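Student: If it helps, the file is called structure-v9.cif and holds mmCIF, C-alpha atoms and all ligand atoms:
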data_my_file
loop_
_atom_site.group_PDB
_atom_site.id
_atom_site.type_symbol
_atom_site.label_atom_id
_atom_site.label_comp_id
_atom_site.auth_asym_id
_atom_site.auth_seq_id
_atom_site.Cartn_x
_atom_site.Cartn_y
_atom_site.Cartn_z
ATOM 1 C CA MET D 1 -11.841 -2.559 12.110
ATOM 2 C CA ARG D 2 -11.255 -6.218 11.237
ATOM 3 C CA LEU D 3 -8.911 -7.127 8.401
ATOM 4 C CA ILE D 4 -7.409 -10.182 6.740
ATOM 5 C CA PHE D 5 -3.933 -9.937 5.240
ATOM 6 C CA LEU D 6 -3.274 -12.304 2.329
ATOM 7 C CA GLY D 7 -0.062 -12.351 0.318
ATOM 8 C CA ALA D 8 2.861 -14.603 -0.464
ATOM 9 C CA PRO D 9 5.672 -15.297 2.008
ATOM 10 C CA GLY D 10 7.783 -12.151 2.148
ATOM 11 C CA ALA D 11 5.125 -9.892 0.602
ATOM 12 C CA GLY D 12 5.348 -7.567 3.615
ATOM 13 C CA LYS D 13 2.248 -8.650 5.563
ATOM 14 C CA GLY D 14 3.983 -8.572 8.940
ATOM 15 C CA THR D 15 5.717 -5.256 8.196
ATOM 16 C CA GLN D 16 2.492 -3.478 7.184
ATOM 17 C CA ALA D 17 0.397 -5.242 9.841
ATOM 18 C CA GLU D 18 2.598 -3.887 12.620
ATOM 19 C CA MET D 19 2.129 -0.301 11.358
ATOM 20 C CA ILE D 20 -1.637 -0.640 10.873
ATOM 21 C CA CYS D 21 -2.163 -2.177 14.315
ATOM 22 C CA ARG D 22 -0.055 0.535 15.963
ATOM 23 C CA ASP D 23 -1.911 3.384 14.213
ATOM 24 C CA PHE D 24 -5.454 2.003 14.606
ATOM 25 C CA SER D 25 -5.000 0.382 18.044
ATOM 26 C CA ILE D 26 -6.089 -3.038 16.839
ATOM 27 C CA VAL D 27 -4.499 -6.407 17.590
ATOM 28 C CA GLN D 28 -2.219 -8.232 15.135
ATOM 29 C CA LEU D 29 -2.931 -11.965 15.151
ATOM 30 C CA SER D 30 -0.062 -13.624 13.309
ATOM 31 C CA THR D 31 -0.424 -17.397 13.125
ATOM 32 C CA GLY D 32 3.279 -17.680 12.185
ATOM 33 C CA ASP D 33 4.389 -15.670 15.262
ATOM 34 C CA THR D 34 2.085 -17.649 17.567
ATOM 35 C CA LEU D 35 3.410 -20.945 16.206
ATOM 36 C CA ARG D 36 7.052 -19.822 16.537
ATOM 37 C CA ALA D 37 6.396 -18.712 20.144
ATOM 38 C CA ASN D 38 5.006 -22.185 20.866
ATOM 39 C CA VAL D 39 8.023 -23.859 19.267
ATOM 40 C CA ARG D 40 10.353 -21.639 21.341
ATOM 41 C CA VAL D 41 8.856 -22.672 24.687
ATOM 42 C CA HIS D 42 8.334 -26.327 23.676
ATOM 43 C CA THR D 43 4.550 -26.582 23.983
ATOM 44 C CA GLU D 44 2.627 -29.567 22.606
ATOM 45 C CA LEU D 45 1.327 -27.311 19.810
ATOM 46 C CA GLY D 46 4.894 -26.200 19.004
ATOM 47 C CA ALA D 47 6.092 -29.822 18.845
ATOM 48 C CA LYS D 48 3.287 -30.688 16.406
ATOM 49 C CA ALA D 49 3.929 -27.638 14.197
ATOM 50 C CA LYS D 50 7.745 -27.519 14.026
ATOM 51 C CA LYS D 51 8.445 -30.092 11.327
ATOM 52 C CA TYR D 52 5.888 -28.532 8.965
ATOM 53 C CA MET D 53 7.263 -25.036 9.551
ATOM 54 C CA ASP D 54 10.915 -26.004 9.097
ATOM 55 C CA GLU D 55 10.240 -27.531 5.676
ATOM 56 C CA GLY D 56 7.977 -24.651 4.618
ATOM 57 C CA SER D 57 4.754 -26.696 4.565
ATOM 58 C CA LEU D 58 1.466 -25.628 6.098
ATOM 59 C CA VAL D 59 0.549 -26.837 9.568
ATOM 60 C CA PRO D 60 -2.626 -29.019 9.341
ATOM 61 C CA ASP D 61 -5.832 -26.988 9.112
ATOM 62 C CA GLN D 62 -7.508 -28.293 12.276
ATOM 63 C CA ILE D 63 -4.533 -27.332 14.467
ATOM 64 C CA ILE D 64 -4.618 -23.781 13.096
ATOM 65 C CA ILE D 65 -8.408 -23.433 13.291
ATOM 66 C CA ASP D 66 -8.440 -24.538 16.959
ATOM 67 C CA MET D 67 -5.629 -22.078 17.707
ATOM 68 C CA ILE D 68 -7.439 -19.124 16.082
ATOM 69 C CA ALA D 69 -10.798 -20.057 17.616
ATOM 70 C CA GLY D 70 -9.196 -19.654 21.044
ATOM 71 C CA GLU D 71 -7.736 -16.260 20.130
ATOM 72 C CA LEU D 72 -10.811 -14.627 18.569
ATOM 73 C CA THR D 73 -12.838 -14.618 21.789
ATOM 74 C CA LYS D 74 -10.230 -12.647 23.771
ATOM 75 C CA PRO D 75 -11.548 -9.337 25.205
ATOM 76 C CA GLU D 76 -8.516 -7.326 23.982
ATOM 77 C CA LEU D 77 -9.785 -7.847 20.422
ATOM 78 C CA ALA D 78 -12.881 -5.739 21.062
ATOM 79 C CA ASN D 79 -11.482 -2.740 19.142
ATOM 80 C CA GLY D 80 -10.633 -4.884 16.113
ATOM 81 C CA TYR D 81 -7.939 -7.149 14.778
ATOM 82 C CA LEU D 82 -5.827 -7.981 11.768
ATOM 83 C CA LEU D 83 -5.392 -11.633 10.766
ATOM 84 C CA ASP D 84 -1.811 -11.914 9.476
ATOM 85 C CA GLY D 85 -1.265 -15.272 7.767
ATOM 86 C CA PHE D 86 -4.730 -16.714 8.396
ATOM 87 C CA PRO D 87 -6.681 -18.061 6.590
ATOM 88 C CA ARG D 88 -4.319 -19.776 4.148
ATOM 89 C CA THR D 89 -6.515 -22.524 2.744
ATOM 90 C CA VAL D 90 -10.148 -22.735 1.675
ATOM 91 C CA PRO D 91 -11.061 -25.006 4.655
ATOM 92 C CA GLN D 92 -9.518 -22.386 7.004
ATOM 93 C CA ALA D 93 -11.538 -19.605 5.323
ATOM 94 C CA GLU D 94 -14.750 -21.627 5.648
ATOM 95 C CA ALA D 95 -14.004 -22.336 9.313
ATOM 96 C CA LEU D 96 -13.391 -18.611 9.866
ATOM 97 C CA ASP D 97 -16.771 -17.791 8.296
ATOM 98 C CA THR D 98 -18.446 -20.133 10.785
ATOM 99 C CA LEU D 99 -16.539 -18.644 13.732
ATOM 100 C CA LEU D 100 -17.524 -15.123 12.643
ATOM 101 C CA ILE D 101 -21.207 -16.067 12.515
ATOM 102 C CA ASP D 102 -20.940 -17.493 16.049
ATOM 103 C CA LEU D 103 -19.233 -14.292 17.249
ATOM 104 C CA ASN D 104 -21.608 -12.026 15.281
ATOM 105 C CA GLN D 105 -18.646 -10.304 13.603
ATOM 106 C CA LYS D 106 -17.814 -9.211 10.053
ATOM 107 C CA ILE D 107 -14.453 -8.752 8.339
ATOM 108 C CA ASP D 108 -14.139 -5.335 6.630
ATOM 109 C CA ALA D 109 -11.687 -6.370 3.899
ATOM 110 C CA ALA D 110 -9.215 -8.987 2.738
ATOM 111 C CA LEU D 111 -6.047 -7.206 1.588
ATOM 112 C CA VAL D 112 -3.566 -8.797 -0.812
ATOM 113 C CA LEU D 113 -0.052 -7.429 -1.187
ATOM 114 C CA ASP D 114 1.051 -8.140 -4.739
ATOM 115 C CA VAL D 115 4.831 -8.707 -5.136
ATOM 116 C CA PRO D 116 6.720 -10.568 -7.931
ATOM 117 C CA GLU D 117 8.365 -13.873 -6.990
ATOM 118 C CA GLU D 118 12.035 -12.924 -7.423
ATOM 119 C CA GLU D 119 11.549 -9.922 -5.133
ATOM 120 C CA LEU D 120 9.996 -12.241 -2.517
ATOM 121 C CA VAL D 121 13.048 -14.510 -2.520
ATOM 122 C CA GLY D 122 15.360 -11.498 -2.124
ATOM 123 C CA ARG D 123 13.310 -10.113 0.778
ATOM 124 C CA LEU D 124 13.172 -13.417 2.649
ATOM 125 C CA THR D 125 16.845 -14.336 2.343
ATOM 126 C CA ALA D 126 17.738 -10.860 3.685
ATOM 127 C CA ARG D 127 15.197 -10.898 6.518
ATOM 128 C CA ARG D 128 16.270 -10.917 10.136
ATOM 129 C CA THR D 129 13.697 -11.415 12.916
ATOM 130 C CA CYS D 130 13.747 -10.445 16.585
ATOM 131 C CA ARG D 131 13.826 -13.486 18.887
ATOM 132 C CA THR D 132 11.849 -11.608 21.530
ATOM 133 C CA CYS D 133 9.103 -9.632 19.749
ATOM 134 C CA SER D 134 9.184 -11.102 16.190
ATOM 135 C CA LYS D 135 9.649 -7.712 14.486
ATOM 136 C CA SER D 136 11.215 -8.273 11.065
ATOM 137 C CA TYR D 137 13.995 -6.295 9.376
ATOM 138 C CA HIS D 138 15.621 -6.396 5.947
ATOM 139 C CA ILE D 139 19.397 -6.090 6.160
ATOM 140 C CA ILE D 140 19.454 -3.514 3.326
ATOM 141 C CA TYR D 141 15.988 -1.938 2.860
ATOM 142 C CA ASN D 142 14.780 -1.937 6.463
ATOM 143 C CA PRO D 143 17.833 -2.362 8.705
ATOM 144 C CA PRO D 144 17.897 -2.025 12.500
ATOM 145 C CA LYS D 145 19.686 1.021 13.944
ATOM 146 C CA VAL D 146 22.352 -1.310 15.392
ATOM 147 C CA ALA D 147 23.230 -4.434 13.351
ATOM 148 C CA GLY D 148 21.895 -7.640 14.923
ATOM 149 C CA ILE D 149 19.804 -5.852 17.600
ATOM 150 C CA CYS D 150 16.042 -5.120 17.575
ATOM 151 C CA ASP D 151 15.203 -1.379 17.698
ATOM 152 C CA LEU D 152 12.129 -2.028 19.841
ATOM 153 C CA ASP D 153 13.392 -4.210 22.685
ATOM 154 C CA GLY D 154 17.121 -4.875 22.152
ATOM 155 C CA GLY D 155 16.399 -8.549 21.318
ATOM 156 C CA GLU D 156 18.797 -10.623 19.221
ATOM 157 C CA LEU D 157 18.039 -10.747 15.480
ATOM 158 C CA TYR D 158 18.246 -14.174 13.816
ATOM 159 C CA GLN D 159 17.549 -15.782 10.454
ATOM 160 C CA ARG D 160 14.473 -18.035 10.504
ATOM 161 C CA ASP D 161 15.103 -21.686 9.516
ATOM 162 C CA ASP D 162 12.478 -21.362 6.770
ATOM 163 C CA ASP D 163 14.189 -18.240 5.327
ATOM 164 C CA LYS D 164 16.765 -20.345 3.477
ATOM 165 C CA GLU D 165 16.566 -20.860 -0.307
ATOM 166 C CA GLU D 166 15.045 -24.400 -0.320
ATOM 167 C CA PRO D 167 12.196 -23.870 2.184
ATOM 168 C CA ILE D 168 11.498 -20.479 0.573
ATOM 169 C CA ARG D 169 10.907 -22.121 -2.834
ATOM 170 C CA HIS D 170 8.655 -24.704 -1.175
ATOM 171 C CA ARG D 171 6.682 -22.001 0.694
ATOM 172 C CA LEU D 172 6.091 -20.194 -2.591
ATOM 173 C CA GLN D 173 4.789 -23.400 -4.227
ATOM 174 C CA VAL D 174 2.490 -23.995 -1.257
ATOM 175 C CA PHE D 175 1.239 -20.407 -1.523
ATOM 176 C CA HIS D 176 0.331 -20.931 -5.193
ATOM 177 C CA SER D 177 -1.454 -24.242 -4.670
ATOM 178 C CA LYS D 178 -3.174 -23.684 -1.297
ATOM 179 C CA THR D 179 -3.545 -19.937 -0.685
ATOM 180 C CA MET D 180 -4.089 -18.434 -4.163
ATOM 181 C CA PRO D 181 -7.634 -19.940 -4.319
ATOM 182 C CA LEU D 182 -8.523 -17.571 -1.444
ATOM 183 C CA ILE D 183 -8.071 -14.617 -3.783
ATOM 184 C CA GLU D 184 -11.100 -15.802 -5.756
ATOM 185 C CA TYR D 185 -12.887 -16.797 -2.518
ATOM 186 C CA TYR D 186 -12.762 -13.237 -1.151
ATOM 187 C CA HIS D 187 -13.160 -11.602 -4.572
ATOM 188 C CA SER D 188 -16.458 -13.432 -5.049
ATOM 189 C CA LYS D 189 -17.629 -12.057 -1.680
ATOM 190 C CA GLY D 190 -16.700 -8.488 -2.741
ATOM 191 C CA MET D 191 -14.145 -8.233 0.084
ATOM 192 C CA LEU D 192 -10.854 -8.307 -1.839
ATOM 193 C CA ARG D 193 -8.478 -5.350 -2.273
ATOM 194 C CA THR D 194 -5.227 -5.895 -4.143
ATOM 195 C CA ILE D 195 -2.390 -3.509 -3.306
ATOM 196 C CA ASP D 196 0.845 -3.099 -5.228
ATOM 197 C CA GLY D 197 3.419 -4.322 -2.690
ATOM 198 C CA MET D 198 6.474 -2.941 -4.504
ATOM 199 C CA GLY D 199 8.324 0.195 -3.470
ATOM 200 C CA LYS D 200 9.008 1.911 -0.170
ATOM 201 C CA ILE D 201 7.350 0.508 2.954
ATOM 202 C CA GLU D 202 5.774 3.928 3.766
ATOM 203 C CA ASP D 203 4.381 4.292 0.207
ATOM 204 C CA ILE D 204 2.742 0.867 0.375
ATOM 205 C CA TYR D 205 1.190 1.813 3.713
ATOM 206 C CA LYS D 206 -0.327 4.948 2.122
ATOM 207 C CA ARG D 207 -1.693 2.856 -0.791
ATOM 208 C CA ILE D 208 -3.542 0.571 1.637
ATOM 209 C CA PHE D 209 -5.590 3.528 2.859
ATOM 210 C CA THR D 210 -6.060 5.249 -0.499
ATOM 211 C CA LYS D 211 -9.536 4.668 -1.919
ATOM 212 C CA LYS D 212 -9.500 3.685 -5.596
HETATM 213 P P1 LIG A 301 4.470 -16.925 8.589
HETATM 214 O O1 LIG A 301 5.323 -16.491 9.694
HETATM 215 O O2 LIG A 301 3.102 -16.371 8.471
HETATM 216 O O3 LIG A 301 5.294 -16.688 7.259
HETATM 217 P P2 LIG A 301 4.845 -16.238 5.784
HETATM 218 O O4 LIG A 301 3.440 -16.182 5.394
HETATM 219 O O5 LIG A 301 5.659 -17.122 4.958
HETATM 220 O O6 LIG A 301 5.077 -14.776 5.795
HETATM 221 P P3 LIG A 301 6.352 -14.095 6.178
HETATM 222 O O7 LIG A 301 6.376 -13.795 7.657
HETATM 223 O O8 LIG A 301 7.518 -14.901 5.668
HETATM 224 O O9 LIG A 301 6.302 -12.784 5.289
HETATM 225 P P4 LIG A 301 5.552 -11.396 5.450
HETATM 226 O O10 LIG A 301 4.614 -11.230 4.315
HETATM 227 O O11 LIG A 301 5.004 -11.193 6.832
HETATM 228 O O12 LIG A 301 6.776 -10.446 5.188
HETATM 229 P P5 LIG A 301 7.565 -9.419 6.136
HETATM 230 O O13 LIG A 301 6.711 -8.257 6.460
HETATM 231 O O14 LIG A 301 8.240 -10.134 7.266
HETATM 232 O O15 LIG A 301 4.336 -18.506 8.573
HETATM 233 C C1 LIG A 301 5.444 -19.335 8.793
HETATM 234 C C2 LIG A 301 5.006 -20.797 8.783
HETATM 235 O O16 LIG A 301 4.036 -21.024 9.845
HETATM 236 C C3 LIG A 301 4.304 -21.274 7.523
HETATM 237 O O17 LIG A 301 5.221 -21.651 6.508
HETATM 238 C C4 LIG A 301 3.506 -22.458 8.064
HETATM 239 O O18 LIG A 301 4.322 -23.578 8.281
HETATM 240 C C5 LIG A 301 3.031 -21.949 9.407
HETATM 241 N N1 LIG A 301 1.742 -21.243 9.328
HETATM 242 C C6 LIG A 301 1.496 -19.934 9.630
HETATM 243 N N2 LIG A 301 0.204 -19.632 9.425
HETATM 244 C C7 LIG A 301 -0.382 -20.781 8.995
HETATM 245 C C8 LIG A 301 -1.702 -21.107 8.592
HETATM 246 N N3 LIG A 301 -2.703 -20.198 8.598
HETATM 247 N N4 LIG A 301 -1.964 -22.374 8.185
HETATM 248 C C9 LIG A 301 -0.988 -23.308 8.186
HETATM 249 N N5 LIG A 301 0.297 -23.079 8.531
HETATM 250 C C10 LIG A 301 0.584 -21.818 8.949
HETATM 251 O O19 LIG A 301 8.671 -8.921 5.078
HETATM 252 C C11 LIG A 301 9.631 -9.822 4.557
HETATM 253 C C12 LIG A 301 10.979 -9.095 4.432
HETATM 254 O O20 LIG A 301 10.874 -8.060 3.459
HETATM 255 C C13 LIG A 301 11.460 -8.415 5.721
HETATM 256 O O21 LIG A 301 12.856 -8.509 5.731
HETATM 257 C C14 LIG A 301 11.008 -6.955 5.538
HETATM 258 O O22 LIG A 301 11.844 -6.049 6.263
HETATM 259 C C15 LIG A 301 11.182 -6.784 4.046
HETATM 260 N N6 LIG A 301 10.246 -5.838 3.438
HETATM 261 C C16 LIG A 301 8.950 -5.603 3.759
HETATM 262 N N7 LIG A 301 8.423 -4.682 2.947
HETATM 263 C C17 LIG A 301 9.409 -4.320 2.080
HETATM 264 C C18 LIG A 301 9.492 -3.413 0.998
HETATM 265 N N8 LIG A 301 8.437 -2.678 0.627
HETATM 266 N N9 LIG A 301 10.666 -3.319 0.311
HETATM 267 C C19 LIG A 301 11.747 -4.054 0.673
HETATM 268 N N10 LIG A 301 11.738 -4.927 1.697
HETATM 269 C C20 LIG A 301 10.582 -5.062 2.394
#
Take the structure in this file and express it as structure tokens.
Ligand code: AP5
Tutor:
Amino acid sequence: MRLIFLGAPGAGKGTQAEMICRDFSIVQLSTGDTLRANVRVHTELGAKAKKYMDEGSLVPDQIIIDMIAGELTKPELANGYLLDGFPRTVPQAEALDTLLIDLNQKIDAALVLDVPEEELVGRLTARRTCRTCSKSYHIIYNPPKVAGICDLDGGELYQRDDDKEEPIRHRLQVFHSKTMPLIEYYHSKGMLRTIDGMGKIEDIYKRIFTKK
């Protein structure tokens, strides 16, 4: 199974992706997590990406395309993968199409989680993320068992720099201008499935796998 997850910042892509990848034994490829890991250990890629990420802008397309091209050939992806946060622009989607032809692979579906804007802001300002494994929590709706500590690995939970009000508003604007055109891109290819992203996390998960 190969999937693309589209959806605004805070729509729940990472939350649902983790559950899908666990249950179907496929690999979650989150461009945001990979970039943050590079920033954390001060790689050249991390240094290039940091200023864009902190202000809530997109990292330039070619940097992201090169990063994903390196990932897609890895043998551990043989059982399938879920692209969480990629593609985010039309040039990225076109580059992915070319990579898929070279790899002789097809994507099964592009899933969009549909969530109203004010809910997104509330989710992001209340998000806490594990420094070690990147799992995300919501301090009210999806809290860790022990405050400030990741359930999975005991890592410290922190608030991302881009989860403050100003970068959040900017990320939402960028989503509308750069990523929304992908909805039409995948719709025109017959690959798009829109899922209501409101309600309980478990109910949304069930909706993803309910045929309409
Ligand atoms: P990235 O890390 O991908 O951030 P994002 O797209 O903004 O997505 P988020 O991780 O913020 O949200 P999510 O949809 O995964 O929500 P989550 O499940 O955590 O990217 C960060 C930056 O990296 C970008 O701004 C850019 O600079 C760069 N970047 C990354 N990819 C790039 C690309 N392809 N091109 C260029 N630049 C790129 O949920 C959010 C919160 O809500 C959590 O607290 C969660 O617990 C809670 N929650 C989830 N579901 C529910 C629910 N049903 N009800 C209540 N709360 C819920």
Student: Between D:Glu118, D:Glu44, D:Glu184, D:Asp61, single out the one closest to ligand LIG 301 (chain A), counting all atoms listed in the file.
Tutor: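 Between D:Glu118, D:Glu44, D:Glu184, D:Asp61, the residue approaching ligand LIG 301 (chain A) most closely is D:Asp61.
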Student: Just the residues within 8 Å of D:Thr194, please, counting only C-alpha atoms, with nothing from its chain fewer than 4 positions along; format it as a PyMOL selection string.
Tutor: chain D and resi 111-114
Student: Between D:Pro75, D:Gly154, D:Gly46, D:Pro60, which residue has the minimum interatomic distance to ligand LIG 301 (chain A), considering only C-alpha atoms and all ligand atoms?
Tutor: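 That would be D:Pro60, the residue with the smallest distance to ligand LIG 301 (chain A).
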Student: Would you list the residues near (-0.6, -19.1, -0.9), meaning any protein, DNA or RNA residue with an atom at most 9 Å from that point in file coordinates, counting only C-alpha atoms, as a list in words?
Tutor: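 Applying the cut-off with only C-alpha atoms, one gets Leu6, Gly7, Ala8, Pro9, Arg88, Thr89, Arg171, Leu172, Gln173, Val174, Phe175, His176, Ser177, Lys178, Thr179, Met180, Pro181 and Leu182 of chain D.
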Student: Taking 4 positions as the minimum chain separation for residues in the same chain, which residues sit within 8 Å of stretch 48-51 of chain D when counting only C-alpha atoms? Answer as a PDB file with C-alpha atoms, in the frame of the given file.
Tutor:
ATOM      1  CA  LEU D  35       3.410 -20.945  16.206  1.00  0.00           C
ATOM      2  CA  VAL D  39       8.023 -23.859  19.267  1.00  0.00           C
ATOM      3  CA  GLU D  44       2.627 -29.567  22.606  1.00  0.00           C
ATOM      4  CA  GLU D  55      10.240 -27.531   5.676  1.00  0.00           C
ATOM      5  CA  VAL D  59       0.549 -26.837   9.568  1.00  0.00           C
TER       6      VAL D  59
END
